[in-house]
$ cat input.txt   # compact mmCIF, C-alpha atoms and all ligand atoms
# COMPACT_ATOMS: atom_id res chain seq x y z
CA MET A 493 24.18 -6.69 -5.85
CA GLY A 494 26.96 -9.26 -5.51
CA ASP A 495 26.64 -12.74 -6.96
CA TYR A 496 24.46 -14.76 -4.64
CA ARG A 497 22.93 -17.18 -7.17
CA GLU A 498 24.58 -20.19 -5.58
CA LEU A 499 23.16 -19.23 -2.19
CA TRP A 500 19.67 -18.68 -3.65
CA LYS A 501 19.84 -22.02 -5.44
CA ASN A 502 20.74 -23.73 -2.18
CA LEU A 503 17.79 -22.01 -0.56
CA ASN A 504 15.49 -23.61 -3.16
CA MET A 505 14.45 -20.31 -4.60
CA ASP A 506 12.65 -19.81 -7.89
CA LEU A 507 15.54 -18.00 -9.55
CA GLU A 508 13.69 -16.87 -12.64
CA LYS A 509 10.86 -15.33 -10.73
CA HIS A 510 13.26 -13.88 -8.20
CA ASP A 511 15.08 -12.10 -11.06
CA GLN A 512 11.80 -10.36 -11.90
CA LEU A 513 11.50 -9.14 -8.31
CA CYS A 514 15.12 -7.95 -8.21
CA ALA A 515 14.58 -6.05 -11.45
CA VAL A 516 11.91 -3.73 -10.02
CA LEU A 517 13.44 -2.79 -6.67
CA PRO A 518 16.39 -0.60 -7.80
CA ASP A 519 14.18 1.69 -9.93
CA MET A 520 11.62 1.95 -7.20
CA TYR A 521 14.26 2.71 -4.57
CA GLY A 522 15.99 5.17 -6.88
CA SER A 523 12.86 7.19 -7.53
CA VAL A 524 11.69 7.26 -3.90
CA TYR A 525 15.01 7.62 -2.08
CA LEU A 526 17.87 8.71 -4.29
CA THR A 527 15.97 11.72 -5.63
CA GLN A 528 16.03 13.33 -2.17
CA GLU A 529 18.35 16.31 -2.00
CA ASN A 530 20.91 16.93 0.71
CA ARG A 531 20.56 13.56 2.43
CA PRO A 532 22.74 12.74 5.45
CA GLU A 533 25.94 10.88 4.52
CA GLY A 534 25.04 8.25 7.10
CA MET A 535 22.19 7.08 4.86
CA ASN A 536 24.80 5.51 2.56
CA TYR A 537 24.95 2.47 4.80
CA PHE A 538 21.18 1.99 4.52
CA ASN A 539 21.35 2.48 0.73
CA PHE A 540 23.93 -0.28 0.71
CA VAL A 541 21.74 -2.57 2.86
CA VAL A 542 18.84 -2.14 0.42
CA SER A 543 21.07 -2.70 -2.61
CA GLU A 544 22.19 -5.99 -1.02
CA VAL A 545 18.87 -6.81 0.60
CA HIS A 546 18.57 -10.33 -0.81
CA GLY A 547 22.28 -11.10 -0.61
CA LEU A 548 24.37 -9.81 2.24
CA ARG A 549 22.14 -10.59 5.22
CA PRO A 550 20.83 -13.93 3.85
CA ALA A 551 24.51 -14.91 3.37
CA GLU A 552 25.14 -14.06 7.03
CA LEU A 553 22.10 -16.08 8.07
CA ASN A 554 23.41 -18.96 5.98
CA GLU A 555 26.80 -18.77 7.69
CA HIS A 556 25.08 -18.84 11.08
CA LYS A 557 23.09 -21.91 10.02
CA GLN A 558 26.22 -23.65 8.71
CA LYS A 559 27.60 -23.38 12.24
CA GLY A 560 24.48 -25.04 13.62
CA GLY A 561 22.62 -21.82 14.53
CA LYS A 562 18.90 -21.31 13.89
CA VAL A 563 16.91 -18.51 12.28
CA LEU A 564 13.35 -17.63 13.36
CA GLY A 565 10.90 -15.58 11.31
CA THR A 566 8.47 -13.26 13.08
CA PHE A 567 5.49 -11.13 12.00
CA CYS A 568 4.60 -9.06 15.00
CA VAL A 569 6.30 -6.80 17.52
CA PHE A 570 4.78 -8.85 20.35
CA VAL A 571 7.13 -11.78 19.70
CA PRO A 572 9.98 -11.34 22.21
CA ASP A 573 13.24 -11.26 20.22
CA GLU A 574 15.08 -11.33 23.57
CA VAL A 575 14.34 -15.05 23.94
CA ILE A 576 15.61 -15.75 20.43
CA PHE A 577 18.85 -13.85 21.04
CA ALA A 578 19.27 -15.65 24.38
CA ALA A 579 19.33 -19.03 22.61
CA ASN A 580 21.94 -17.75 20.15
CA ALA A 581 19.40 -17.78 17.32
CA ILE A 582 18.62 -14.91 14.93
CA PRO A 583 15.18 -13.31 14.57
CA VAL A 584 14.11 -11.80 11.24
CA GLY A 585 10.95 -9.79 10.65
CA LEU A 586 9.10 -11.33 7.73
CA CYS A 587 6.21 -8.91 7.32
CA ALA A 588 6.06 -8.53 3.57
CA GLY A 589 5.49 -5.11 2.04
CA SER A 590 5.68 -5.75 -1.70
CA GLN A 591 2.87 -5.87 -4.23
CA PHE A 592 4.99 -8.41 -6.14
CA TRP A 593 3.92 -11.19 -3.76
CA VAL A 594 0.23 -10.36 -3.54
CA GLU A 595 -0.77 -12.27 -6.67
CA ASP A 596 0.75 -15.53 -5.41
CA GLY A 597 -0.82 -14.95 -2.01
CA GLU A 598 -4.23 -14.60 -3.65
CA LYS A 599 -3.91 -18.12 -5.04
CA HIS A 600 -4.18 -19.38 -1.45
CA LEU A 601 -6.19 -16.69 0.30
CA PRO A 602 -9.35 -14.70 -0.39
CA ARG A 603 -8.69 -11.52 -2.38
CA ASN A 604 -10.49 -9.33 0.14
CA MET A 605 -7.75 -9.64 2.74
CA CYS A 606 -5.01 -7.47 4.18
CA PRO A 607 -2.15 -7.14 1.64
CA LEU A 608 0.42 -7.78 4.35
CA ILE A 609 -0.91 -11.31 4.87
CA LYS A 610 -1.34 -11.98 1.14
CA ALA A 611 2.21 -10.80 0.47
CA ALA A 612 3.62 -12.89 3.31
CA VAL A 613 1.98 -16.07 2.06
CA GLY A 614 2.90 -15.15 -1.54
CA ALA A 615 6.54 -14.63 -0.58
CA LYS A 616 6.73 -18.11 0.88
CA VAL A 617 4.79 -20.09 -1.72
CA SER A 618 6.58 -18.38 -4.64
CA GLY A 619 10.01 -19.17 -3.19
CA THR A 620 11.26 -15.68 -3.99
CA CYS A 621 12.23 -14.37 -0.55
CA PRO A 622 15.61 -15.56 0.79
CA TYR A 623 14.53 -14.68 4.34
CA PHE A 624 11.47 -16.92 4.20
CA GLN A 625 13.66 -19.62 2.69
CA SER A 626 16.22 -19.28 5.50
CA VAL A 627 13.96 -19.60 8.54
CA ASP A 628 13.89 -22.81 10.58
CA MET A 629 10.67 -21.81 12.27
CA ILE A 630 8.01 -19.13 11.92
CA VAL A 631 6.64 -17.58 15.09
CA GLY A 632 3.05 -16.52 14.57
CA GLU A 633 0.58 -14.92 16.98
CA THR A 634 -3.15 -14.68 17.43
CA THR A 635 -3.46 -10.97 16.69
CA CYS A 636 -5.96 -10.92 13.84
CA ASP A 637 -8.13 -13.54 12.15
CA GLY A 638 -6.27 -13.26 8.86
CA LYS A 639 -2.89 -14.03 10.37
CA LYS A 640 -4.32 -16.79 12.58
CA LYS A 641 -5.60 -18.67 9.56
CA ALA A 642 -2.53 -17.88 7.43
CA TRP A 643 -0.33 -19.81 9.92
CA GLU A 644 -2.21 -22.96 8.96
CA ILE A 645 -1.21 -22.42 5.33
CA LEU A 646 2.40 -21.51 6.08
CA ASP A 647 2.69 -24.54 8.36
CA GLU A 648 2.52 -26.71 5.23
CA TYR A 649 5.83 -25.16 4.15
CA VAL A 650 7.77 -24.49 7.34
CA PRO A 651 7.20 -25.30 11.05
CA VAL A 652 5.08 -22.64 12.74
CA HIS A 653 4.83 -21.94 16.45
CA VAL A 654 1.89 -19.71 17.38
CA MET A 655 1.92 -17.51 20.49
CA ASP A 656 -1.55 -17.00 21.91
CA LEU A 657 -1.64 -13.25 22.50
CA PRO A 658 -4.37 -12.12 24.90
CA GLN A 659 -6.71 -9.45 23.54
CA MET A 660 -7.32 -7.72 26.86
CA LYS A 661 -4.97 -6.45 29.56
CA ARG A 662 -6.42 -7.79 32.82
CA THR A 663 -4.33 -9.60 35.46
CA LYS A 664 -5.39 -12.95 34.05
CA ASP A 665 -4.22 -11.83 30.60
CA TYR A 666 -0.81 -10.85 31.98
CA ASN A 667 -0.55 -14.26 33.61
CA MET A 668 -1.54 -15.97 30.39
CA TRP A 669 1.03 -13.96 28.39
CA MET A 670 3.75 -14.95 30.86
CA GLU A 671 2.74 -18.59 30.35
CA GLU A 672 2.97 -18.07 26.59
CA ILE A 673 6.48 -16.62 26.94
CA LYS A 674 7.44 -19.68 29.01
CA LEU A 675 6.12 -22.01 26.31
CA PHE A 676 7.98 -20.00 23.70
CA ILE A 677 11.21 -20.37 25.69
CA GLU A 678 10.71 -24.15 25.76
CA LYS A 679 10.05 -24.21 22.02
CA VAL A 680 13.13 -22.13 21.25
CA GLU A 681 15.27 -24.33 23.54
CA GLU A 682 14.00 -27.43 21.77
CA LEU A 683 14.70 -25.97 18.32
CA THR A 684 18.17 -24.61 19.09
CA GLY A 685 19.36 -27.14 21.66
CA ASN A 686 20.44 -24.16 23.80
CA LYS A 687 19.14 -23.51 27.29
CA VAL A 688 17.74 -20.05 28.04
CA THR A 689 19.41 -18.96 31.28
CA VAL A 690 19.16 -15.85 33.42
CA GLU A 691 22.54 -14.79 32.10
CA ASN A 692 21.90 -15.20 28.37
CA LEU A 693 18.34 -13.85 28.65
CA LYS A 694 19.74 -10.70 30.25
CA LYS A 695 22.16 -10.45 27.32
CA GLY A 696 19.26 -10.93 24.90
CA ILE A 697 17.35 -8.14 26.65
CA GLU A 698 20.40 -5.89 26.35
CA ILE A 699 20.65 -6.53 22.59
CA ALA A 700 16.97 -5.71 22.02
CA ASN A 701 17.19 -2.65 24.31
CA SER A 702 20.24 -1.34 22.45
CA LYS A 703 18.24 -1.35 19.21
CA ARG A 704 15.35 0.42 20.96
CA ARG A 705 17.72 3.03 22.39
CA ALA A 706 19.30 3.76 18.99
CA LEU A 707 15.89 4.11 17.32
CA LYS A 708 14.66 6.32 20.15
CA ARG A 709 17.71 8.56 19.71
CA LEU A 710 16.98 8.78 15.98
CA TYR A 711 13.32 9.60 16.55
CA ASP A 712 14.23 12.29 19.09
CA PHE A 713 15.93 14.23 16.28
CA ARG A 714 12.64 14.25 14.43
CA LYS A 715 11.15 16.33 17.23
CA MET A 716 13.24 19.25 15.96
CA THR A 717 11.91 21.85 13.50
CA PRO A 718 12.85 21.11 10.81
CA SER A 719 13.68 17.45 11.29
CA PRO A 720 17.28 16.79 10.18
CA ILE A 721 16.14 13.54 8.56
CA SER A 722 13.23 12.87 6.22
CA GLY A 723 10.34 10.67 7.27
CA LYS A 724 11.13 8.34 4.38
CA ASP A 725 14.68 7.80 5.61
CA ALA A 726 13.55 7.24 9.19
CA LEU A 727 10.94 4.73 7.99
CA LEU A 728 13.58 2.86 6.01
CA ILE A 729 15.79 2.59 9.09
CA SER A 730 12.88 1.23 11.15
CA GLN A 731 12.17 -1.34 8.44
CA ILE A 732 15.81 -2.43 8.29
CA ALA A 733 15.86 -2.80 12.10
CA PHE A 734 13.78 -5.95 11.70
CA TYR A 735 16.46 -7.98 9.97
CA ASP A 736 19.88 -6.34 10.10
CA ASP A 737 22.65 -7.57 12.38
CA PRO A 738 21.78 -5.84 15.70
CA ALA A 739 25.27 -4.69 16.70
CA ARG A 740 26.05 -3.29 13.25
CA PHE A 741 22.63 -1.67 13.02
CA VAL A 742 23.03 0.08 16.39
CA GLN A 743 26.48 1.33 15.44
CA LYS A 744 25.31 2.69 12.08
CA VAL A 745 22.22 4.38 13.55
CA ASN A 746 24.37 6.02 16.21
CA GLU A 747 26.89 7.21 13.62
CA LEU A 748 24.01 8.71 11.65
CA CYS A 749 22.68 10.36 14.82
CA ASP A 750 26.09 11.94 15.50
CA GLU A 751 25.89 13.45 12.03
CA LEU A 752 22.30 14.62 12.59
CA GLU A 753 23.39 16.41 15.73
CA GLU A 754 25.77 18.58 13.68
CA ARG A 755 23.41 18.92 10.76
CA ALA A 756 20.53 20.15 12.92
CA LYS A 757 22.55 23.26 13.88
CA SER A 758 22.51 24.72 10.37
CA LEU A 759 19.07 23.72 9.05
CA LYS A 760 16.40 26.40 8.55
CA SER A 761 12.69 25.69 8.63
CA GLU A 762 10.93 25.78 5.26
CA GLY A 763 7.55 25.87 6.97
CA LYS A 764 6.62 22.32 5.98
CA LYS A 765 3.57 20.81 7.66
CA ARG A 766 4.55 18.23 10.30
CA ILE A 767 2.64 14.99 9.90
CA MET A 768 2.16 11.94 12.11
CA ILE A 769 1.27 8.61 10.56
CA THR A 770 -0.71 6.27 12.78
CA GLY A 771 -2.05 2.83 11.95
CA THR A 772 -0.95 -0.46 10.44
CA PRO A 773 2.72 -1.36 9.89
CA MET A 774 4.61 -0.45 6.71
CA ALA A 775 6.84 -3.38 5.85
CA LEU A 776 9.77 -3.06 3.43
CA PRO A 777 9.41 -1.87 0.61
CA ASN A 778 6.13 -0.09 1.41
CA TRP A 779 7.12 3.59 1.16
CA LYS A 780 4.03 4.69 -0.74
CA LEU A 781 2.37 7.07 1.71
CA HIS A 782 5.57 8.69 2.97
CA ASP A 783 6.64 9.29 -0.61
CA ILE A 784 3.34 10.95 -1.51
CA ILE A 785 3.38 13.15 1.61
CA GLU A 786 7.00 14.21 1.32
CA ASN A 787 6.65 15.16 -2.34
CA LEU A 788 4.25 17.83 -1.05
CA PRO A 789 5.27 20.65 1.33
CA ALA A 790 5.12 18.34 4.34
CA GLU A 791 7.35 16.04 6.37
CA VAL A 792 6.46 12.91 8.30
CA VAL A 793 7.93 13.42 11.77
CA VAL A 794 6.68 10.32 13.60
CA GLU A 795 4.96 6.99 12.96
CA GLU A 796 2.71 5.60 15.68
CA THR A 797 2.93 2.17 14.05
CA CYS A 798 4.80 -1.11 14.53
CA THR A 799 7.40 0.14 12.06
CA GLY A 800 7.71 3.19 14.30
CA THR A 801 7.20 3.98 17.97
CA ARG A 802 5.47 0.71 18.91
CA TYR A 803 8.68 -1.12 18.02
CA PHE A 804 11.10 0.81 20.20
CA GLU A 805 9.22 2.58 22.99
CA ASN A 806 9.83 1.22 26.51
CA GLU A 807 12.79 -0.97 27.37
CA VAL A 808 12.70 -4.34 29.12
CA SER A 809 14.15 -4.21 32.63
CA THR A 810 17.10 -6.53 33.35
CA GLU A 811 16.40 -6.41 37.10
CA GLY A 812 15.82 -9.81 38.68
CA GLU A 813 17.56 -13.01 39.70
CA THR A 814 15.36 -15.69 38.14
CA ILE A 815 13.94 -16.55 34.74
CA GLU A 816 10.48 -15.86 36.19
CA ASP A 817 11.56 -12.31 37.11
CA LEU A 818 12.78 -11.71 33.56
CA ILE A 819 9.64 -13.21 32.02
CA LYS A 820 7.61 -10.79 34.10
CA ASN A 821 9.79 -7.91 32.85
CA LEU A 822 9.19 -9.06 29.27
CA ALA A 823 5.43 -9.28 29.82
CA ASP A 824 5.39 -5.82 31.40
CA ARG A 825 7.11 -4.22 28.44
CA TYR A 826 5.26 -6.11 25.73
CA LEU A 827 1.78 -5.63 27.14
CA ASN A 828 2.48 -1.92 27.07
CA ILE A 829 2.19 -2.01 23.26
CA ASN A 830 -1.13 -0.59 22.18
CA CYS A 831 -2.28 -2.57 19.13
CA ALA A 832 -5.83 -2.39 17.80
CA CYS A 833 -6.18 -6.15 18.35
CA PHE A 834 -6.78 -5.29 22.05
CA THR A 835 -10.07 -4.22 23.51
CA PRO A 836 -10.33 -1.64 24.85
CA ASN A 837 -7.28 0.11 23.36
CA THR A 838 -7.51 3.60 24.80
CA GLY A 839 -3.75 3.62 25.51
CA ARG A 840 -3.19 4.11 21.79
CA ILE A 841 -5.17 7.35 21.82
CA ASP A 842 -3.10 8.58 24.77
CA ASP A 843 0.09 7.70 22.84
CA ILE A 844 -1.09 9.57 19.73
CA LYS A 845 -1.98 12.67 21.72
CA ARG A 846 1.34 12.58 23.55
CA TYR A 847 3.28 12.29 20.27
CA VAL A 848 1.32 15.22 18.79
CA GLU A 849 2.81 17.34 21.59
CA GLU A 850 6.29 15.83 21.62
CA TYR A 851 6.81 15.91 17.85
CA LYS A 852 4.91 19.20 17.34
CA VAL A 853 2.53 17.59 14.87
CA ASP A 854 0.24 19.74 12.69
CA GLY A 855 -1.95 16.91 11.44
CA VAL A 856 -2.42 13.15 11.78
CA ILE A 857 -2.86 10.76 8.86
CA TYR A 858 -4.47 7.48 9.83
CA SER A 859 -3.04 4.84 7.54
CA ASN A 860 -4.98 1.63 7.26
CA LEU A 861 -4.07 -1.37 5.14
CA SER A 862 -7.17 -2.45 3.21
CA PHE A 863 -9.28 -5.05 4.99
CA CYS A 864 -7.55 -4.63 8.36
CA HIS A 865 -10.74 -4.50 10.39
CA SER A 866 -9.24 -3.87 13.83
CA TYR A 867 -7.50 -0.66 12.77
CA SER A 868 -10.29 0.38 10.46
CA ILE A 869 -12.92 0.16 13.21
CA GLU A 870 -10.65 1.85 15.72
CA TYR A 871 -10.47 4.94 13.46
CA ARG A 872 -13.82 6.06 14.83
CA ASN A 873 -12.57 6.37 18.43
CA VAL A 874 -9.25 7.89 17.43
CA GLU A 875 -10.98 10.47 15.20
CA LYS A 876 -13.43 11.39 17.94
CA ALA A 877 -10.72 11.86 20.56
CA LEU A 878 -8.48 13.92 18.24
CA LYS A 879 -11.34 16.11 17.04
CA GLU A 880 -12.25 16.83 20.66
CA ALA A 881 -8.63 17.82 21.25
CA GLY A 882 -8.63 20.05 18.14
CA ILE A 883 -6.09 17.90 16.26
CA PRO A 884 -6.72 17.55 12.48
CA ILE A 885 -6.95 13.96 11.27
CA MET A 886 -7.67 12.21 7.97
CA ASN A 887 -8.14 8.55 7.12
CA ILE A 888 -6.46 6.71 4.25
CA GLU A 889 -7.20 3.09 3.47
CA THR A 890 -4.89 1.62 0.88
CA ASP A 891 -2.94 -1.45 -0.22
CA TYR A 892 0.43 -1.99 -1.91
CA SER A 893 -0.67 -1.19 -5.46
CA THR A 894 0.08 2.21 -6.97
CA GLU A 895 -3.31 2.65 -8.66
CA ASP A 896 -4.71 4.98 -6.01
CA ALA A 897 -1.54 7.10 -5.61
CA GLY A 898 -2.98 10.05 -7.58
CA GLN A 899 -6.18 10.05 -5.60
CA ILE A 900 -4.32 9.86 -2.27
CA LYS A 901 -2.09 12.75 -3.32
CA THR A 902 -5.13 14.93 -4.06
CA ARG A 903 -6.67 14.10 -0.68
CA VAL A 904 -3.44 14.75 1.24
CA GLU A 905 -3.01 18.06 -0.62
CA ALA A 906 -6.48 19.15 0.47
CA PHE A 907 -5.70 18.07 4.05
CA LEU A 908 -2.47 20.08 4.10
CA GLU A 909 -4.31 23.16 2.89
CA MET A 910 -6.88 22.73 5.60
CA ILE A 911 -4.45 22.42 8.56
S1 LIG B 1001 1.24 -5.32 17.22
S2 LIG B 1001 -0.24 -3.92 14.29
S3 LIG B 1001 2.63 -6.07 14.15
S4 LIG B 1001 -0.63 -7.31 15.03
S5 LIG B 1001 -1.89 -8.45 9.51
S6 LIG B 1001 -3.53 -6.69 12.20
S7 LIG B 1001 -2.53 -4.98 9.24
S8 LIG B 1001 -5.17 -7.37 9.11
S9 LIG B 1001 0.07 -6.32 11.54
FE1 LIG B 1001 0.38 -5.96 13.62
FE2 LIG B 1001 1.44 -6.98 15.79
FE3 LIG B 1001 -0.62 -5.32 15.97
FE4 LIG B 1001 1.73 -4.42 15.29
FE5 LIG B 1001 -4.31 -5.70 10.38
FE6 LIG B 1001 -3.09 -6.96 8.41
FE7 LIG B 1001 -3.81 -8.27 10.63
FE8 LIG B 1001 -1.84 -6.55 10.73
$ encode --input "input.txt" --output "structure tokens"
Amino acid sequence: MGDYRELWKNLNMDLEKHDQLCAVLPDMYGSVYLTQENRPEGMNYFNFVVSEVHGLRPAELNEHKQKGGKVLGTFCVFVPDEVIFAANAIPVGLCAGSQFWVEDGEKHLPRNMCPLIKAAVGAKVSGTCPYFQSVDMIVGETTCDGKKKAWEILDEYVPVHVMDLPQMKRTKDYNMWMEEIKLFIEKVEELTGNKVTVENLKKGIEIANSKRRALKRLYDFRKMTPSPISGKDALLISQIAFYDDPARFVQKVNELCDELEERAKSLKSEGKKRIMITGTPMALPNWKLHDIIENLPAEVVVEETCTGTRYFENEVSTEGETIEDLIKNLADRYLNINCACFTPNTGRIDDIKRYVEEYKVDGVIYSNLSFCHSYSIEYRNVEKALKEAGIPIMNIETDYSTEDAGQIKTRVEAFLEMI
């Protein structure tokens, strides 16, 4: 990594503690990623992004801020990035996926909570994440109780705006969500001093759609047997999508896809089992489950998660002449996301079944972050529907620690033998 100490100092980071964090990532990345054989050349860009994860992009965010621009941190794929782009601000996904931050999070939160929330709070209070340190505002949402209450803690450190996400999908909920998007537009205008217009909102929609299109193109290659890209690599790209520069990201994903097109012509199937992951998001650097699965004779070919299909499926229409038209288009696309915080959430089961067909999946692994009640309870309905359809499924509940890795490996091995 280049020398970014001056930048980190200006961001009020705890440099000593941050050094400890930076010391573990290269080894971890090396053992999970760089041990893969015959990787596409195009993954070099993403290797580079990870090697510079706390430097290059935070430096770009800093440059943007020096010019008067704003940076907004988000935690959920329901927050419409389009609005942020429209106001010439930059969105960054802050969902934290490292065990490193959990301990500091536990100083402020109960231990029996989702690791994603503990890590997010820990990242902020420890001053060891340059992204958290760069944001002018955090955009929260009312998706789960843990996050709702965590905003109150984070608000002591950085301004938080909370979007009230409905938990049902009736007409009144659509109307309420459109109102929330309107309020969000006002908030973003106030923060940035830039008006959201029909013209710049259409541009913002185009930027977000171009990312979706590139990811969709990448995922379409995974429908092939064998997939020309590993599940681990695809997951990494989805994770990077949340904070990289959009135009550069789209270009690099498309370059990689051009390579995959060629590569797919010469690959021969090794008979690996094709696995779908469904469940809670896997924020950077949470690669645990993919790593376990792909060290066995299996490949992850699709993730029905928010670091997977829920992030890129369905584009926002740019049709319309007024802001109201575009807000309706945003609401239509976003309320198509099937998160377990909704009741009922049968659309998710339909999605999973559809992906089983499209990606020729042999078995589904339901991945649940510990103490995420919405997803944990929803397992029952998903399991029932998949069993009725004759699709093998297993449930794994885990956190960011590595203690249970051996046990998970044994269970996945048994599952692979069974399917
Ligand atoms: S749309 S999945 S990104 S809410 S933080 S709910 S894991 S207990 S993240 Fe999510 Fe939006 Fe839904 Fe997707 Fe559970 Fe943890 Fe809560 Fe979580």
$ residues_near_ligand --input "input.txt" --ligand "ligand LIG 1001 (chain B)" --cutoff "6 Å" --atoms "all atoms listed in the file" --output "number ranges by chain"
A: 568-570, 606, 608-609, 635-636, 638-639, 772-773, 798, 831, 861, 864
$ residues_around --input "input.txt" --residues "Lys901 of chain A" --least-positions-apart "2" --cutoff "9 Å" --atoms "only C-alpha atoms" --output "list of chain:residue names"
A:Leu781, A:Ile784, A:Ile785, A:Leu788, A:Asp896, A:Ala897, A:Gly898, A:Gln899, A:Arg903, A:Val904, A:Glu905, A:Ala906
$ closest_atom_pairs --input "input.txt" --of "segment 800-898 of chain A" --to "segment 587-598 of chain A" --cutoff "9 Å" --atoms "all atoms listed in the file" --output "JSON lines"
{"residue": "A:Asp891", "atom": "CA", "partner": "A:Gln591", "partner_atom": "CA", "distance": 8.3}
{"residue": "A:Tyr892", "atom": "CA", "partner": "A:Gln591", "partner_atom": "CA", "distance": 5.1}
{"residue": "A:Ser893", "atom": "CA", "partner": "A:Gln591", "partner_atom": "CA", "distance": 6.0}
{"residue": "A:Thr894", "atom": "CA", "partner": "A:Gln591", "partner_atom": "CA", "distance": 9.0}
$ atom_distance --input "input.txt" --atom1 "atom CA of Pro583 of chain A" --atom2 "atom CA of Leu693 of chain A"
14.4 Å
$ atom_distance --input "input.txt" --atom1 "atom CA of Leu707 of chain A" --atom2 "atom CA of Asn580 of chain A"
22.9 Å
$ closest_residue --input "input.txt" --among "A:Arg766, A:Lys664, A:Arg709, A:Arg846" --to "Leu752 of chain A" --atoms "only C-alpha atoms"
A:Arg709
$ closest_residue --input "input.txt" --among "A:Ile829, A:Leu526, A:Met910, A:Val627" --to "Phe538 of chain A" --atoms "only C-alpha atoms"
A:Leu526
$ closest_atom_pairs --input "input.txt" --of "segment 549-581 of chain A" --to "segment 732-742 of chain A" --cutoff "10 Å" --atoms "all atoms listed in the file" --output "JSON lines"
{"residue": "A:Arg549", "atom": "CA", "partner": "A:Asp736", "partner_atom": "CA", "distance": 6.9}
{"residue": "A:Pro550", "atom": "CA", "partner": "A:Tyr735", "partner_atom": "CA", "distance": 9.6}
{"residue": "A:Glu552", "atom": "CA", "partner": "A:Asp737", "partner_atom": "CA", "distance": 8.8}
{"residue": "A:Leu553", "atom": "CA", "partner": "A:Asp737", "partner_atom": "CA", "distance": 9.6}
{"residue": "A:Gly565", "atom": "CA", "partner": "A:Tyr735", "partner_atom": "CA", "distance": 9.5}
{"residue": "A:Thr566", "atom": "CA", "partner": "A:Phe734", "partner_atom": "CA", "distance": 9.1}
{"residue": "A:Phe567", "atom": "CA", "partner": "A:Phe734", "partner_atom": "CA", "distance": 9.8}
{"residue": "A:Val569", "atom": "CA", "partner": "A:Phe734", "partner_atom": "CA", "distance": 9.5}
$ closest_residue --input "input.txt" --among "A:Ile630, A:Ala756, A:Leu827, A:Ile767" --to "His653 of chain A" --atoms "only C-alpha atoms"
A:Ile630
$ closest_residue --input "input.txt" --among "A:Met716, A:Leu646, A:Ile729, A:Ile769" --to "Glu753 of chain A" --atoms "only C-alpha atoms"
A:Met716
$ atom_distance --input "input.txt" --atom1 "atom CA of Leu586 of chain A" --atom2 "atom CA of Lys640 of chain A"
15.3 Å
$ closest_residue --input "input.txt" --among "A:Lys695, A:Glu870, A:Val542, A:Asp506" --to "Pro518 of chain A" --atoms "only C-alpha atoms"
A:Val542
$ closest_residue --input "input.txt" --among "A:Val688, A:Cys514, A:Val853, A:Ala612" --to "Lys715 of chain A" --atoms "all atoms listed in the file"
A:Val853
$ residues_near_point --input "input.txt" --point "(-2.1, 8.7, 22.7)" --cutoff "12 Å" --atoms "only C-alpha atoms" --output "mmCIF file with C-alpha atoms, in the coordinates of the input"
data_model
loop_
_atom_site.group_PDB
_atom_site.id
_atom_site.type_symbol
_atom_site.label_atom_id
_atom_site.label_comp_id
_atom_site.auth_asym_id
_atom_site.auth_seq_id
_atom_site.Cartn_x
_atom_site.Cartn_y
_atom_site.Cartn_z
ATOM 1 C CA MET A 768 2.160 11.940 12.110
ATOM 2 C CA THR A 770 -0.710 6.270 12.780
ATOM 3 C CA GLU A 796 2.710 5.600 15.680
ATOM 4 C CA THR A 797 2.930 2.170 14.050
ATOM 5 C CA THR A 801 7.200 3.980 17.970
ATOM 6 C CA ARG A 802 5.470 0.710 18.910
ATOM 7 C CA ILE A 829 2.190 -2.010 23.260
ATOM 8 C CA ASN A 830 -1.130 -0.590 22.180
ATOM 9 C CA CYS A 831 -2.280 -2.570 19.130
ATOM 10 C CA ASN A 837 -7.280 0.110 23.360
ATOM 11 C CA THR A 838 -7.510 3.600 24.800
ATOM 12 C CA GLY A 839 -3.750 3.620 25.510
ATOM 13 C CA ARG A 840 -3.190 4.110 21.790
ATOM 14 C CA ILE A 841 -5.170 7.350 21.820
ATOM 15 C CA ASP A 842 -3.100 8.580 24.770
ATOM 16 C CA ASP A 843 0.090 7.700 22.840
ATOM 17 C CA ILE A 844 -1.090 9.570 19.730
ATOM 18 C CA LYS A 845 -1.980 12.670 21.720
ATOM 19 C CA ARG A 846 1.340 12.580 23.550
ATOM 20 C CA TYR A 847 3.280 12.290 20.270
ATOM 21 C CA VAL A 848 1.320 15.220 18.790
ATOM 22 C CA GLU A 849 2.810 17.340 21.590
ATOM 23 C CA GLU A 850 6.290 15.830 21.620
ATOM 24 C CA VAL A 856 -2.420 13.150 11.780
ATOM 25 C CA ASN A 873 -12.570 6.370 18.430
ATOM 26 C CA VAL A 874 -9.250 7.890 17.430
ATOM 27 C CA GLU A 875 -10.980 10.470 15.200
ATOM 28 C CA ALA A 877 -10.720 11.860 20.560
ATOM 29 C CA LEU A 878 -8.480 13.920 18.240
ATOM 30 C CA ALA A 881 -8.630 17.820 21.250
ATOM 31 C CA ILE A 883 -6.090 17.900 16.260
#
$ decode --input "input.txt" --residues "segment 837-847 of chain A" --atoms "C-alpha atoms" --output "compact mmCIF listing (two decimals), in the first residue's frame"
# COMPACT_ATOMS: atom_id res chain seq x y z
CA ASN A 837 -41.68 -12.21 1.75
CA THR A 838 -42.72 -14.96 -0.64
CA GLY A 839 -41.04 -13.15 -3.56
CA ARG A 840 -37.70 -14.27 -2.14
CA ILE A 841 -38.68 -17.93 -2.45
CA ASP A 842 -39.71 -17.34 -6.07
CA ASP A 843 -36.33 -15.68 -6.71
CA ILE A 844 -34.42 -18.59 -5.16
CA LYS A 845 -36.34 -21.15 -7.20
CA ARG A 846 -35.81 -19.16 -10.38
CA TYR A 847 -32.06 -18.89 -9.75
